$ cat coords_27.txt   # compact mmCIF, C-alpha atoms
# COMPACT_ATOMS: atom_id res chain seq x y z
CA MET A 1 -11.23 -5.82 18.78
CA LEU A 2 -14.50 -4.69 17.25
CA ILE A 3 -16.16 -4.29 20.66
CA SER A 4 -13.17 -2.34 21.96
CA THR A 5 -13.30 0.00 18.96
CA LEU A 6 -17.04 0.54 19.28
CA VAL A 7 -16.85 1.42 22.95
CA THR A 8 -13.55 3.29 23.18
CA GLY A 9 -14.40 5.79 20.43
CA PRO A 10 -17.53 7.26 22.05
CA LEU A 11 -16.12 7.24 25.57
CA LEU A 12 -12.90 9.04 24.65
CA ALA A 13 -14.96 11.86 23.19
CA SER A 14 -16.22 12.80 26.65
CA GLU A 15 -15.86 16.23 28.19
CA ALA A 16 -13.29 14.92 30.66
CA ALA A 17 -11.08 13.64 27.86
CA ALA A 18 -11.58 16.75 25.76
CA GLN A 19 -9.34 18.91 27.96
CA SER A 20 -6.48 16.40 28.00
CA LEU A 21 -6.71 15.92 24.24
CA ALA A 22 -6.93 19.60 23.39
CA ASP A 23 -3.18 20.06 23.21
CA THR A 24 -2.76 17.35 20.61
CA GLY A 25 -5.82 18.37 18.60
CA THR A 26 -6.86 14.74 18.20
CA MET A 27 -10.46 14.79 19.38
CA PRO A 28 -11.99 11.36 18.74
CA GLU A 29 -15.06 11.31 16.54
CA ILE A 30 -18.36 9.58 17.18
CA GLY A 31 -19.46 7.83 14.02
CA ALA A 32 -23.07 7.05 13.17
CA ARG A 33 -22.12 3.37 12.72
CA LYS A 34 -20.76 3.12 16.27
CA ILE A 35 -23.83 4.79 17.73
CA PHE A 36 -26.14 2.53 15.74
CA VAL A 37 -24.37 -0.69 16.77
CA LEU A 38 -24.30 0.19 20.47
CA LEU A 39 -27.92 1.36 20.59
CA PHE A 40 -29.03 -1.64 18.52
CA LEU A 41 -27.48 -3.94 21.12
CA MET A 42 -29.20 -2.07 23.94
CA ILE A 43 -32.66 -1.17 22.59
CA GLY A 44 -32.84 -3.30 19.44
CA PRO A 45 -35.39 -6.01 18.58
CA ILE A 46 -33.47 -9.20 19.43
CA LYS A 47 -34.37 -9.18 23.12
CA ILE A 48 -37.94 -8.00 22.49
CA LEU A 49 -39.18 -10.94 20.42
CA ALA A 50 -39.41 -13.72 23.03
CA PRO A 51 -41.00 -11.56 25.78
CA PHE A 52 -43.48 -10.08 23.31
CA VAL A 53 -44.53 -13.49 22.01
CA ALA A 54 -44.99 -14.77 25.59
CA MET A 55 -46.86 -11.63 26.59
CA THR A 56 -49.33 -11.81 23.68
CA ALA A 57 -49.90 -15.56 23.64
CA GLY A 58 -53.52 -16.18 22.67
CA ALA A 59 -54.23 -12.53 21.80
CA GLU A 60 -55.87 -11.54 18.52
CA PRO A 61 -53.53 -10.19 15.82
CA ALA A 62 -55.24 -6.78 15.90
CA LEU A 63 -54.67 -6.49 19.64
CA ARG A 64 -51.04 -7.57 19.29
CA ASN A 65 -50.52 -4.89 16.65
CA ARG A 66 -52.12 -2.23 18.85
CA LEU A 67 -49.97 -3.27 21.79
CA ALA A 68 -46.80 -3.13 19.66
CA THR A 69 -47.68 0.30 18.27
CA ARG A 70 -48.48 1.79 21.66
CA GLY A 71 -45.37 0.24 23.17
CA ILE A 72 -43.20 1.88 20.51
CA LEU A 73 -44.89 5.26 20.99
CA PHE A 74 -44.34 5.08 24.74
CA ALA A 75 -40.73 3.98 24.17
CA ALA A 76 -40.08 6.90 21.80
CA ALA A 77 -41.50 9.35 24.34
CA ALA A 78 -39.43 7.81 27.13
CA LEU A 79 -36.20 8.02 25.12
CA ALA A 80 -36.89 11.63 24.10
CA LEU A 81 -37.50 12.65 27.71
CA ALA A 82 -34.46 10.71 28.92
CA GLY A 83 -32.21 12.35 26.33
CA VAL A 84 -33.37 15.89 27.10
CA PHE A 85 -33.64 15.69 30.88
CA GLY A 86 -30.59 13.50 31.26
CA ARG A 87 -28.36 15.98 29.45
CA ASN A 88 -29.81 18.90 31.45
CA ILE A 89 -29.26 17.07 34.73
CA MET A 90 -25.67 16.34 33.82
CA ALA A 91 -25.14 20.02 33.01
CA ASN A 92 -26.87 21.33 36.15
CA PHE A 93 -25.18 18.95 38.57
CA ASN A 94 -21.82 18.88 36.78
CA VAL A 95 -21.96 15.11 36.29
CA SER A 96 -19.07 14.18 34.03
CA VAL A 97 -19.51 11.88 31.07
CA PRO A 98 -17.00 9.31 32.45
CA VAL A 99 -19.03 9.04 35.68
CA LEU A 100 -22.26 8.53 33.74
CA ALA A 101 -20.52 6.06 31.45
CA LEU A 102 -19.26 4.18 34.52
CA ALA A 103 -22.80 3.98 35.91
CA GLY A 104 -24.15 2.83 32.55
CA GLY A 105 -21.38 0.27 32.23
CA LEU A 106 -22.16 -1.17 35.65
CA VAL A 107 -25.86 -1.46 34.84
CA LEU A 108 -25.11 -2.97 31.42
CA PHE A 109 -22.68 -5.50 32.89
CA LEU A 110 -24.97 -6.61 35.73
CA VAL A 111 -28.10 -6.88 33.58
CA ALA A 112 -26.25 -8.64 30.75
CA LEU A 113 -24.59 -11.06 33.18
CA GLN A 114 -27.96 -11.86 34.75
CA THR A 115 -29.43 -12.44 31.29
CA VAL A 116 -26.63 -14.82 30.31
CA LEU A 117 -26.98 -16.78 33.56
CA GLN A 118 -30.76 -17.01 33.08
CA GLN A 119 -30.28 -18.31 29.56
CA THR A 120 -27.84 -20.90 30.89
CA THR A 121 -30.11 -22.11 33.69
CA GLY A 122 -33.39 -21.60 31.83
CA ALA A 123 -34.73 -19.47 34.69
CA ALA A 124 -35.68 -16.42 32.66
CA GLN A 125 -38.66 -14.47 33.92
CA THR A 126 -41.91 -14.80 31.99
CA PRO A 127 -43.60 -11.44 31.34
CA PRO A 128 -47.29 -11.04 32.25
CA GLN A 129 -49.65 -12.21 29.54
CA PHE A 130 -51.90 -9.83 27.65
CA GLY A 131 -55.06 -10.82 29.50
CA ALA A 132 -53.49 -10.79 32.96
CA GLN A 133 -53.84 -7.02 33.37
CA LYS A 134 -56.00 -4.27 31.86
CA GLY A 135 -54.97 -4.88 28.29
CA MET A 136 -53.04 -1.92 26.92
CA GLN A 137 -51.47 -1.04 30.28
CA LEU A 138 -48.83 -3.60 29.34
CA ALA A 139 -47.76 -1.27 26.51
CA LEU A 140 -46.21 1.08 29.07
CA SER A 141 -44.92 -1.47 31.54
CA PRO A 142 -43.29 -3.87 31.02
CA LEU A 143 -43.23 -3.52 27.20
CA ALA A 144 -42.02 0.06 26.68
CA PHE A 145 -39.93 -0.05 29.85
CA PRO A 146 -37.88 -2.07 30.59
CA ILE A 147 -38.26 -4.49 27.63
CA ILE A 148 -37.80 -1.98 24.77
CA VAL A 149 -36.17 0.91 26.62
CA THR A 150 -33.54 -0.69 28.81
CA PRO A 151 -31.87 1.21 31.68
CA TYR A 152 -28.44 0.89 30.06
CA GLY A 153 -29.95 1.99 26.73
CA ILE A 154 -31.08 5.20 28.44
CA ALA A 155 -27.60 5.67 29.89
CA ALA A 156 -26.01 5.26 26.45
CA LEU A 157 -28.47 7.71 24.89
CA ILE A 158 -27.74 10.34 27.57
CA VAL A 159 -24.01 9.94 26.97
CA PHE A 160 -24.42 10.37 23.20
CA ALA A 161 -26.77 13.34 23.66
CA THR A 162 -24.30 14.99 26.02
CA LEU A 163 -21.38 14.44 23.67
CA ALA A 164 -23.40 15.98 20.83
CA GLY A 165 -23.51 19.26 22.74
CA ASP A 166 -24.89 22.02 20.52
CA ASP A 167 -24.08 20.19 17.29
CA HIS A 168 -27.53 20.00 15.69
CA VAL A 169 -26.31 17.71 12.93
CA GLN A 170 -25.08 15.21 15.50
CA GLU A 171 -28.33 15.53 17.44
CA LEU A 172 -30.31 14.83 14.26
CA THR A 173 -28.09 11.83 13.53
CA ILE A 174 -28.73 10.36 16.98
CA ALA A 175 -32.48 10.99 16.72
CA THR A 176 -32.60 9.35 13.28
CA ILE A 177 -30.72 6.29 14.54
CA VAL A 178 -33.06 5.93 17.53
CA LEU A 179 -36.14 6.22 15.31
CA ALA A 180 -34.71 3.66 12.87
CA ILE A 181 -34.08 1.16 15.68
CA LEU A 182 -37.57 1.73 17.09
CA ALA A 183 -38.98 1.10 13.61
CA LEU A 184 -37.10 -2.21 13.54
CA ASP A 185 -38.50 -3.01 17.00
CA TRP A 186 -42.05 -2.33 15.80
CA PHE A 187 -41.57 -4.42 12.65
CA ALA A 188 -40.15 -7.28 14.72
CA MET A 189 -43.11 -7.23 17.11
CA ILE A 190 -45.67 -7.11 14.30
CA PHE A 191 -44.17 -10.28 12.79
CA ALA A 192 -42.88 -11.74 16.07
CA GLN A 193 -44.96 -14.92 15.85
CA HIS A 194 -43.57 -15.80 12.41
CA ILE A 195 -40.01 -14.77 13.23
CA VAL A 196 -39.90 -16.88 16.39
CA ARG A 197 -41.55 -19.83 14.62
CA TRP A 198 -39.07 -19.91 11.74
CA PHE A 199 -35.92 -18.57 13.39
CA GLY A 200 -36.48 -19.40 17.06
CA THR A 201 -33.41 -21.60 17.52
CA ALA A 202 -31.12 -19.23 15.64
CA LEU A 203 -32.44 -16.32 17.72
CA GLN A 204 -31.73 -18.20 20.95
CA ILE A 205 -28.14 -18.79 19.88
CA PHE A 206 -27.78 -15.19 18.78
CA ALA A 207 -29.27 -14.00 22.08
CA VAL A 208 -26.54 -15.87 23.97
CA VAL A 209 -23.86 -14.33 21.75
CA LEU A 210 -25.49 -10.93 22.21
CA GLY A 211 -25.55 -11.37 25.98
CA ILE A 212 -21.85 -12.25 26.09
CA ALA A 213 -21.08 -9.26 23.87
CA GLN A 214 -22.98 -7.00 26.25
CA VAL A 215 -21.09 -8.37 29.23
CA ALA A 216 -17.84 -7.59 27.43
CA ILE A 217 -19.08 -4.12 26.45
CA GLY A 218 -20.10 -3.42 30.03
CA LEU A 219 -16.64 -4.37 31.30
CA GLN A 220 -14.98 -2.32 28.57
CA VAL A 221 -17.06 0.74 29.46
CA ILE A 222 -16.23 0.31 33.16
CA PHE A 223 -12.48 0.00 32.61
CA GLN A 224 -12.35 2.86 30.11
CA SER A 225 -14.38 5.10 32.43
CA LEU A 226 -12.01 4.32 35.32
CA ARG A 227 -9.05 5.23 33.09
CA LEU A 228 -10.67 8.53 32.13
CA LEU A 229 -11.29 9.24 35.82
CA GLY A 230 -7.65 8.49 36.60
CA VAL A 231 -8.42 5.48 38.78
CA LEU A 232 -6.68 3.06 36.42
CA ALA A 233 -3.54 3.71 34.43
CA GLU A 234 -3.50 3.42 30.67
CA PRO A 235 -2.17 0.01 29.54
CA ALA A 236 1.42 -0.07 28.39
CA ALA A 237 1.92 0.00 24.63
$ encode --input "coords_27.txt" --output "structure tokens"
Amino acid sequence: MLISTLVTGPLLASEAAAQSLADTGTMPEIGARKIFVLLFLMIGPIKILAPFVAMTAGAEPALRNRLATRGILFAAAALALAGVFGRNIMANFNVSVPVLALAGGLVLFLVALQTVLQQTTGAAQTPPQFGAQKGMQLALSPLAFPIIVTPYGIAALIVFATLAGDDHVQELTIATIVLAILALDWFAMIFAQHIVRWFGTALQIFAVVLGIAQVAIGLQVIFQSLRLLGVLAEPAA
């Protein structure tokens, strides 16, 4: 029920739904809490910890801190560019929010399903270690993208930015939430060694729960997008 509420609210506020809801005057509202929860699931620190620890195994603390800081700066730049250009592309090419949401839902579902299956089989990919390439190049790839900034996280941000329209208060709210989550990501990477050491097992369990939640969210986004596009009928009351 919680996942359905979190996903349905933002999606129903799309431009496609706006016309059909205009007669009733019941335009759904995007709350800061819903945006935070969805973006936290998609670009938050839980999935960053294990790859970052594996990537920086054997590195000096100062180098780990520099890598984390640069990764966050690159991630912030990537999200800012994605939000601005993504919204402009949608406007220029008349891409509707339900179509973008459908694409994001498909990516979220497939990536989350792959993650859950990897956790089940223990076949998760190991990121390159710090010394395997030219040091700080890892801050851009794979750390900033796709570890911190996930493809479905970009899709969600573009949807939220598009729904904000010219509402500067809403734009500021989204930007503040993104910066807050990136700050949590940076904090988690700075103390990643200690967090994994003391809470490693709990994090593994939570990662599985998080993966299943993302699979469910992906399916929910897909079905809701298909309903908004008229492909699926609304469920009977």
$ atom_distance --input "coords_27.txt" --atom1 "atom CA of A:Gly211" --atom2 "atom CA of A:Pro98"
23.3 Å
$ atom_distance --input "coords_27.txt" --atom1 "atom CA of A:Leu143" --atom2 "atom CA of A:Ile181"
15.4 Å
$ residues_around --input "coords_27.txt" --residues "A:Ile72" --least-positions-apart "6" --cutoff "8 Å" --atoms "only C-alpha atoms" --output "MDAnalysis selection string"
chainID A and resid 144 148 182 185:186
$ residues_around --input "coords_27.txt" --residues "A:Phe145" --least-positions-apart "6" --cutoff "9 Å" --atoms "all atoms listed in the file" --output "PyMOL selection string"
chain A and resi 71+74-75+78+139+151
$ atom_distance --input "coords_27.txt" --atom1 "atom CA of A:Leu219" --atom2 "atom CA of A:Phe109"
6.3 Å
$ residues_around --input "coords_27.txt" --residues "stretch 175-178 of chain A" --least-positions-apart "3" --cutoff "9 Å" --atoms "all atoms listed in the file" --output "ChimeraX atom specification"
/A:32,35-36,39-40,43,76,79-80,157,170-172,181-183
$ closest_residue --input "coords_27.txt" --among "A:Pro61, A:Gly153, A:Pro142, A:Gly165" --to "A:Met42" --atoms "all atoms listed in the file"
A:Gly153
$ closest_residue --input "coords_27.txt" --among "A:Val116, A:Leu179, A:Val149, A:Met189" --to "A:Val53" --atoms "only C-alpha atoms"
A:Met189
$ closest_residue --input "coords_27.txt" --among "A:Val95, A:Ile217, A:Leu102, A:Ile190" --to "A:Val231" --atoms "only C-alpha atoms"
A:Leu102
$ axis_aligned_box --input "coords_27.txt" --around "stretch 186-197 of chain A" --padding-each-side "6 Å" --output "JSON"
{"center_x": -42.8, "center_y": -11.1, "center_z": 14.8, "size_x": 17.8, "size_y": 29.5, "size_z": 16.7}
